[in-house]
Amino acid sequence: MKNLLSFFKGNTPATVGTTIVLVFVLLSVLAPWITPYDANKRVARGHQPPSAEYILGTTRSGKDVLSQVIYAGRISLLVAFGAGLLATIIAVLVGITSAYVGGKVDSFLMFVTNVFLVMPGLPMIIVLATFLGQVGPLSIALILGIFGWAGGARVLRAQALSIREKEFVTAAEVIGESRWRIVLVEMLPNMVSLIVGTFAGAALGAVMGQAALEFIGLGDPTVISWGTMLQWAQHSSALIVGAWWEAIVPGIAIAIFAGGLTLFNMGMDQVSNPQLKGSKNLKRWKKLNDELEAQRREKLAATKRQNQGGVSTV
Amino acid sequence: MGRFLGSRLLFYIAAFMVAVTFNFVLPRMMPGDPFEIMFAAAQGKIQPEQMAVLKEQFGFVAGPWHVQFWDYVKGIFSGDLGPSLTYYPTPVTEIIAGALPWTVFLAGTATLISLFIGISFGIFAAYNRGGKFDSMVAPTLAFVGAFPQMVSAMLILFGLGVVLDWFPVGYGYNPDIDAGWTLAFFLSVAYHAALPLITMVITGIGGWLFLMRNSMINTLGEDYITMGKAKGLSTRRVMVNYAARNAALPVVTAVAMALSFVVAGALLIELIYNYPGLGNEMLGAVAGRDYPLLQGLLLIIVVCVLTANFLADLAYFWLDPRLRKQ
C-alpha cells in the first residue's frame with residue numbers, strides 16, 4: 001500500500017491521470033442514477049442549445065446530450081478496457097514466451113510481432129469490418145485487441161530478456177523450479193509496472209480506434225457510444241448548423257479520457273526514469289544552472305578576446 | 001551495410017505477402033457465400049457480368065485453393081487489381097493512381113513539418129527544463145495532441161474555415177483552375193491543403209516534442225556532454241552536435257512505428273476535409289461496399305507504409321555510424 005501511495009507522490013501526471021480515469025469509471029457505473037433523462041428517448045426539440053433544463057443541449061433528434069454522453073461512456077469505456085485487456089494478455093504471453101524460451105520460437109514470435117507492428121492498423125481494421133458487415137461493440141473490442149498487442153509485446157520482451165539474465169532467475173533454475181513458477185513468481189512481479197503501462201497504452205489506442213471506426217460508420221448505429229455520437233453529429237452537420245454542443249461534447253469526453261490515460265502513462269514513464277520528474281527544487285536547479293551557464297559564456301567570450309588580442313589573425 | 005538493409009527488405013516483402021494473404025483469406029472467411037452477400041449488399045447494382053469479373057478478381061477460379069492463391073498473387077504482382085464496383089468499369093489501379101499523390105503529399109508534408117517543429121521544440125524544452133516553455137507550452141501541445149483527430153479537425157474546420165473563412169474547406173484545389181504545372185495550380189493546392197496540414201501538424205507536434213525532450217534529458221546525463229562543456233564548446237554546439245544527434249536516434253525509430261498512425265490520421269482528416277486522397281476513396285468504398293477497391297487501397301497503403309519504414313531504416317543507418325560496422 002505504501003508503494004502504491006509513493007507512486008503518486010510528487011508525480012503530478014500520475015495523480016491527475018488516475019483521477020480522471022477513475023472519475024469516468026465512476027460516472028459510467030452510476031449512469032442510471034445520475035442522468036437526468038433517458039438517453040434514448042426524445043425529450044425536447046432538436047438542437048436546443050445548452051440551458052438550465054438541458055445542461056449540454058439536445059441532439060438533432062431531441063435527445064439530451066448530457067445523458068447520452070454519460071451512457072455512451074459505458075460502452076466506450078467497456079470497449080476500451082476490454083480491448084486493452086485482450087491486447088495486454090496477448091502481449092504478455094507473446095513477450096514473455098519469446099524472451100524466456102528464446103531460439104526459433106523467439107525468432108518466429110518476433111517476426112509476427114514486427115509484421116503486426118508495421119501494418120497500418122486502421123485500414124486493415126476498416127477492411128475487416130467492412131467484410132464483416134456491421135460490427136457491434138463486442139466485435140470492435142475483439143478486433144482492436146487483436147491488432148493492438150504488438151507494441152506492448154516488443155517492450156515486454158525487452159524487459160523480460162533483461163530480467164532473465166538476472167541472478168535470481170538463474171538461481172531459481174539451478175534449484176530446479178519449474179518454468180511456470182519462474183515466470184509467474186520470479187519474473188512477472190518485476191514487470192508489473194510495465195504491464196500496467198501497456199494496458200493503459202492499449203486502452204488509449206482502443207478508445208481512438210473505436211471512435212474512428214464508429215465515426216466512419218462501421219459501428220452499430222443503435223448503440224450509443226462516443227464514436228456514434230460523433231457520427232450522428234457529422235451526419236446532422238451539427239457544427240455547420242451551429243449546434244456545436246452535439247459534436248464537441250463527445251469529442252471532449254474522448255479527449256479528456258484519452259488525456260487521463262496519457263497522463264497516467266507519463267506518470268509511469270517518470271517512475272521508470274526519475275530524471276523526468278518535475279519537482280519543487282527544479283526552479284532552484286534551473287536558476288543555479290542558468291547562473292553556471294552565464295559564467296561559462298563569459299569565460300568563453302573572455303578566452304576568445306584573449307586569443308584574438310594575443311595571436312594575430314592569419 | 002548490405003546485410004542489415006537486405007534483411008530489412010526481406011522482412012518488408014514478407015510483410016507485404018502477409019497483407020496479400022489477408023486480402024485473399026478475407027472473402028473466404030465470411031460465413032456463407034461471399035458473393036451472395038456482396039450481391040445483396042450492393043442492392044442490385046452489380047450486374048451478372050460484374051459478378052463474374054469479381055469472382056475472377058478474388059481468385060475464385062476453378063481449382064484447389066493453392067492454385068487460386070498463386071493465381072491471385074500473380075495478378076497482384078502484374079498490377080491487376082481488378083475493376084472497381086462503384087466506378088465500374090474503371091480499374092482499381094487507375095483510381096489509386098489518381099488519389100495516391102494527394103495522400104502522399106498531405107501525409108508526407110505534415111509528418112516532416114511536425115517532426116521538424118516537434119524536435120526543435122523538444123530540444124528547446126529539454127535544455128530549458130522547468131522553464132516557462134517546458135512547464136506550460138509543452139503540456140498544452142501534448143494535450144491538444146491527445147484530442148481525437150476528428151474532433152480537432154472539425155474544430156479547426158469550423159473555426160478557421162467557416163467562422164473566420166481564412167481557408168477553403170474542401171477538395172484538393174480549386175476546380176476552376178486546370179491541373180498542370182502552373183503557379184496558379186500550385187498556389188491553389190497549397191491554399192486548399194492549409195487546413196488539413198494545420199490540423200495534422202498541431203495534433204502531431206506534441207508527440208514528437210515529448211519524445212525528443214525525454215530522449216534529450218536522458219542524453220544530457222551522459223559523460224560526453226560534460227566533456228563537451230569542459231572542452232569549452234559553446235552551449236549551442238553541445239546542444240546540437242553532441243546531445244541532439246544522439247537523442248534523435250530513438251525518435252527516428254519512433255517515426256517508423258508512428259507511420260501507421262499517420263496513415264490512420266490522414267484517413268480521418270481526408271474524410272472531414274473531403275480531400276481527394278486514398279482515405280477519401282477508402283471511405284467511399286466502405287459506403288458502397290466496393291470490395292476490390294477496398295482491397296486494392298489496403299495493399300497500396302501497406303506498400304506506402306512499408307516504403308516509409310524502409311526510408312526510416314535508411315535514415316537510422318545514416319545517422320548511427322555504429323550500425324555500419326556490421
# chains A, B, ... in the order shown; residues from 1 in each chain; ligands from 1
>>> residues_around(residues="segment 91-101 of chain B", least_positions_apart="5", cutoff="9 Å", atoms="only C-alpha atoms", output="list of chain:residue names")
B:Gly79, B:Asp80, B:Leu81, B:Gly82, B:Pro83, B:Ser84, B:Leu106, B:Pro276, B:Gly277, B:Leu278, B:Gly279, B:Asn280, B:Glu281, B:Pro292, B:Leu293, B:Gly296, B:Leu297, B:Ile300, B:Ile301
>>> residues_around(residues="Ala287 of chain B", least_positions_apart="4", cutoff="10 Å", atoms="only C-alpha atoms", output="count of residues only")
9
>>> closest_residue(among="A:Glu53, A:Glu246, A:Glu167, A:Glu214", to="Val69 of chain A", atoms="only C-alpha atoms")
A:Glu246
>>> closest_residue(among="A:Lys63, A:His235, A:Lys286, A:Arg74", to="Val43 of chain A", atoms="only C-alpha atoms")
A:Lys63
>>> closest_atom_pairs(of="chain A", to="chain B", cutoff="9 Å", atoms="only C-alpha atoms", output="tab-separated table")
residue	atom	partner	partner_atom	distance
A:Phe111	CA	B:Phe11	CA	8.2
A:Asn114	CA	B:Ala15	CA	8.6
A:Val115	CA	B:Ala15	CA	5.5
A:Phe116	CA	B:Ala15	CA	8.5
A:Leu117	CA	B:Met257	CA	7.0
A:Val118	CA	B:Met257	CA	6.8
A:Met119	CA	B:Val302	CA	6.5
A:Pro120	CA	B:Ser260	CA	4.3
A:Gly121	CA	B:Ser260	CA	6.5
A:Leu122	CA	B:Ala264	CA	5.5
A:Pro123	CA	B:Leu298	CA	6.3
A:Met124	CA	B:Leu298	CA	6.8
A:Ile126	CA	B:Val286	CA	8.0
A:Val127	CA	B:Leu294	CA	6.6
A:Leu128	CA	B:Leu26	CA	7.3
A:Thr130	CA	B:Val286	CA	6.2
A:Phe131	CA	B:Pro27	CA	7.1
A:Leu132	CA	B:Met30	CA	6.8
A:Gly133	CA	B:Ala41	CA	8.9
A:Gly151	CA	B:Met257	CA	8.8
A:Met208	CA	B:Pro148	CA	6.5
A:Ala211	CA	B:Pro148	CA	8.2
A:Ala212	CA	B:Leu268	CA	7.4
A:Phe215	CA	B:Met150	CA	8.5
A:Ile216	CA	B:Leu283	CA	7.1
A:Gly217	CA	B:Ala287	CA	8.2
A:Leu218	CA	B:Val286	CA	8.5
A:Leu230	CA	B:Val151	CA	8.4
A:Gln234	CA	B:Ile272	CA	8.9
A:Leu239	CA	B:Phe158	CA	6.7
A:Ile240	CA	B:Phe158	CA	7.2
A:Ala247	CA	B:Val151	CA	7.8
A:Ile248	CA	B:Val151	CA	7.1
A:Pro250	CA	B:Val151	CA	8.9
A:Gly251	CA	B:Val151	CA	5.5
A:Ile252	CA	B:Phe147	CA	7.4
A:Ile254	CA	B:Pro148	CA	6.9
A:Ala255	CA	B:Phe147	CA	4.4
A:Ile256	CA	B:Phe147	CA	7.7
A:Ala258	CA	B:Ala146	CA	6.3
A:Gly259	CA	B:Ala146	CA	5.7
A:Thr262	CA	B:Ala146	CA	7.6
A:Asn273	CA	B:Asn218	CA	8.6
A:Gln275	CA	B:Ile217	CA	7.5
A:Leu276	CA	B:Asn214	CA	7.0
A:Gly278	CA	B:Gly130	CA	7.2
A:Ser279	CA	B:Gly130	CA	8.8
A:Leu282	CA	B:Gly130	CA	6.0
A:Lys283	CA	B:Gly130	CA	6.1
A:Trp285	CA	B:Gly130	CA	8.7
A:Lys286	CA	B:Gly130	CA	6.6
A:Glu293	CA	B:Thr235	CA	8.1
A:Arg296	CA	B:Gly232	CA	8.2
A:Arg297	CA	B:Ser234	CA	7.5
A:Lys299	CA	B:Gly232	CA	8.9
A:Leu300	CA	B:Gly232	CA	6.8
>>> residues_around(residues="Val155 of chain A", least_positions_apart="6", cutoff="12 Å", atoms="only C-alpha atoms", output="number ranges by chain")
A: 88, 91-92, 94-96, 98-99, 110, 113-114, 117, 149, 161-162, 191, 194-195, 197-198, 201
>>> write_last_selection(atoms="N, CA and C atoms", output="PDB file, in the first residue's frame")
ATOM      1  N   THR A  88      -3.284  -6.629 -23.859  1.00  0.00           N
ATOM      2  CA  THR A  88      -2.233  -6.801 -22.856  1.00  0.00           C
ATOM      3  C   THR A  88      -1.964  -8.273 -22.606  1.00  0.00           C
ATOM      4  N   ALA A  91      -0.003  -9.573 -25.403  1.00  0.00           N
ATOM      5  CA  ALA A  91       1.349  -9.011 -25.377  1.00  0.00           C
ATOM      6  C   ALA A  91       2.193  -9.682 -24.304  1.00  0.00           C
ATOM      7  N   VAL A  92       1.600  -9.886 -23.116  1.00  0.00           N
ATOM      8  CA  VAL A  92       2.355 -10.530 -22.044  1.00  0.00           C
ATOM      9  C   VAL A  92       2.744 -11.947 -22.454  1.00  0.00           C
ATOM     10  N   VAL A  94       2.992 -13.320 -25.490  1.00  0.00           N
ATOM     11  CA  VAL A  94       3.972 -13.353 -26.582  1.00  0.00           C
ATOM     12  C   VAL A  94       5.326 -12.866 -26.088  1.00  0.00           C
ATOM     13  N   GLY A  95       5.327 -11.742 -25.358  1.00  0.00           N
ATOM     14  CA  GLY A  95       6.592 -11.141 -24.948  1.00  0.00           C
ATOM     15  C   GLY A  95       7.387 -12.034 -24.028  1.00  0.00           C
ATOM     16  N   ILE A  96       6.726 -12.545 -22.994  1.00  0.00           N
ATOM     17  CA  ILE A  96       7.470 -13.348 -22.019  1.00  0.00           C
ATOM     18  C   ILE A  96       7.877 -14.689 -22.621  1.00  0.00           C
ATOM     19  N   SER A  98       8.460 -15.329 -25.729  1.00  0.00           N
ATOM     20  CA  SER A  98       9.544 -15.054 -26.650  1.00  0.00           C
ATOM     21  C   SER A  98      10.859 -14.886 -25.907  1.00  0.00           C
ATOM     22  N   ALA A  99      10.837 -14.134 -24.812  1.00  0.00           N
ATOM     23  CA  ALA A  99      12.075 -13.865 -24.100  1.00  0.00           C
ATOM     24  C   ALA A  99      12.578 -15.098 -23.367  1.00  0.00           C
ATOM     25  N   MET A 110       8.866 -12.939 -32.826  1.00  0.00           N
ATOM     26  CA  MET A 110       9.295 -11.574 -33.107  1.00  0.00           C
ATOM     27  C   MET A 110       8.928 -11.177 -34.525  1.00  0.00           C
ATOM     28  N   THR A 113       5.304 -10.349 -34.468  1.00  0.00           N
ATOM     29  CA  THR A 113       5.112  -9.063 -33.809  1.00  0.00           C
ATOM     30  C   THR A 113       5.492  -7.910 -34.717  1.00  0.00           C
ATOM     31  N   ASN A 114       6.656  -8.045 -35.377  1.00  0.00           N
ATOM     32  CA  ASN A 114       7.100  -6.955 -36.241  1.00  0.00           C
ATOM     33  C   ASN A 114       6.142  -6.728 -37.400  1.00  0.00           C
ATOM     34  N   LEU A 117       3.313  -4.878 -36.106  1.00  0.00           N
ATOM     35  CA  LEU A 117       3.704  -3.505 -35.797  1.00  0.00           C
ATOM     36  C   LEU A 117       3.747  -2.636 -37.029  1.00  0.00           C
ATOM     37  N   TRP A 149      -1.749  -5.544 -29.861  1.00  0.00           N
ATOM     38  CA  TRP A 149      -0.838  -6.083 -28.861  1.00  0.00           C
ATOM     39  C   TRP A 149       0.632  -5.932 -29.218  1.00  0.00           C
ATOM     40  N   LEU A 161      13.735 -10.101 -21.223  1.00  0.00           N
ATOM     41  CA  LEU A 161      15.088 -10.545 -21.550  1.00  0.00           C
ATOM     42  C   LEU A 161      16.082 -10.076 -20.498  1.00  0.00           C
ATOM     43  N   SER A 162      15.941  -8.801 -20.094  1.00  0.00           N
ATOM     44  CA  SER A 162      16.920  -8.286 -19.134  1.00  0.00           C
ATOM     45  C   SER A 162      16.723  -8.905 -17.765  1.00  0.00           C
ATOM     46  N   MET A 191       7.663  -7.080 -13.529  1.00  0.00           N
ATOM     47  CA  MET A 191       7.247  -6.424 -14.759  1.00  0.00           C
ATOM     48  C   MET A 191       5.909  -5.723 -14.605  1.00  0.00           C
ATOM     49  N   LEU A 194       5.408  -2.184 -16.005  1.00  0.00           N
ATOM     50  CA  LEU A 194       5.406  -2.109 -17.463  1.00  0.00           C
ATOM     51  C   LEU A 194       4.118  -2.681 -18.038  1.00  0.00           C
ATOM     52  N   ILE A 195       3.594  -3.737 -17.401  1.00  0.00           N
ATOM     53  CA  ILE A 195       2.361  -4.337 -17.896  1.00  0.00           C
ATOM     54  C   ILE A 195       1.198  -3.360 -17.725  1.00  0.00           C
ATOM     55  N   GLY A 197       1.488  -0.165 -17.703  1.00  0.00           N
ATOM     56  CA  GLY A 197       1.683   0.843 -18.734  1.00  0.00           C
ATOM     57  C   GLY A 197       1.195   0.365 -20.091  1.00  0.00           C
ATOM     58  N   THR A 198       1.471  -0.901 -20.403  1.00  0.00           N
ATOM     59  CA  THR A 198       0.994  -1.458 -21.669  1.00  0.00           C
ATOM     60  C   THR A 198      -0.522  -1.427 -21.731  1.00  0.00           C
ATOM     61  N   GLY A 201      -1.722   2.051 -22.428  1.00  0.00           N
ATOM     62  CA  GLY A 201      -1.486   2.401 -23.827  1.00  0.00           C
ATOM     63  C   GLY A 201      -2.465   1.714 -24.756  1.00  0.00           C
TER      64      GLY A 201
END
>>> select_by_dssp(residues="segment 63-303 of chain B", states="alpha helix (DSSP H)", output="count of residues only")
169
>>> residues_around(residues="Ala39 of chain A", least_positions_apart="5", cutoff="8 Å", atoms="only C-alpha atoms", output="list of chain:residue names")
A:Lys63, A:Asp64, A:Val65, A:Ser67, A:Gln68, A:Tyr71
>>> closest_residue(among="A:Ala14, A:Ile55, A:Ile20, A:Ala80", to="Tyr37 of chain A", atoms="only C-alpha atoms")
A:Ile55
>>> residues_around(residues="Phe8 of chain A", least_positions_apart="5", cutoff="10 Å", atoms="only C-alpha atoms", output="number ranges by chain")
A: 3, 13-16, 18, 267-268, 271
>>> closest_residue(among="B:Tyr171, B:Phe121, B:Ala266, B:Arg237", to="Leu209 of chain B", atoms="only C-alpha atoms")
B:Phe121
>>> atom_distance(atom1="atom CA of Ala243 of chain B", atom2="atom CA of Ala294 of chain A")
19.5 Å
>>> atom_distance(atom1="atom CA of Asn40 of chain A", atom2="atom CA of Ala233 of chain A")
15.5 Å
>>> closest_residue(among="B:Met17, B:Ala110, B:Leu211, B:Leu54", to="Pro89 of chain B", atoms="only C-alpha atoms")
B:Leu54
>>> atom_distance(atom1="atom CA of Leu26 of chain A", atom2="atom CA of Thr140 of chain B")
26.3 Å
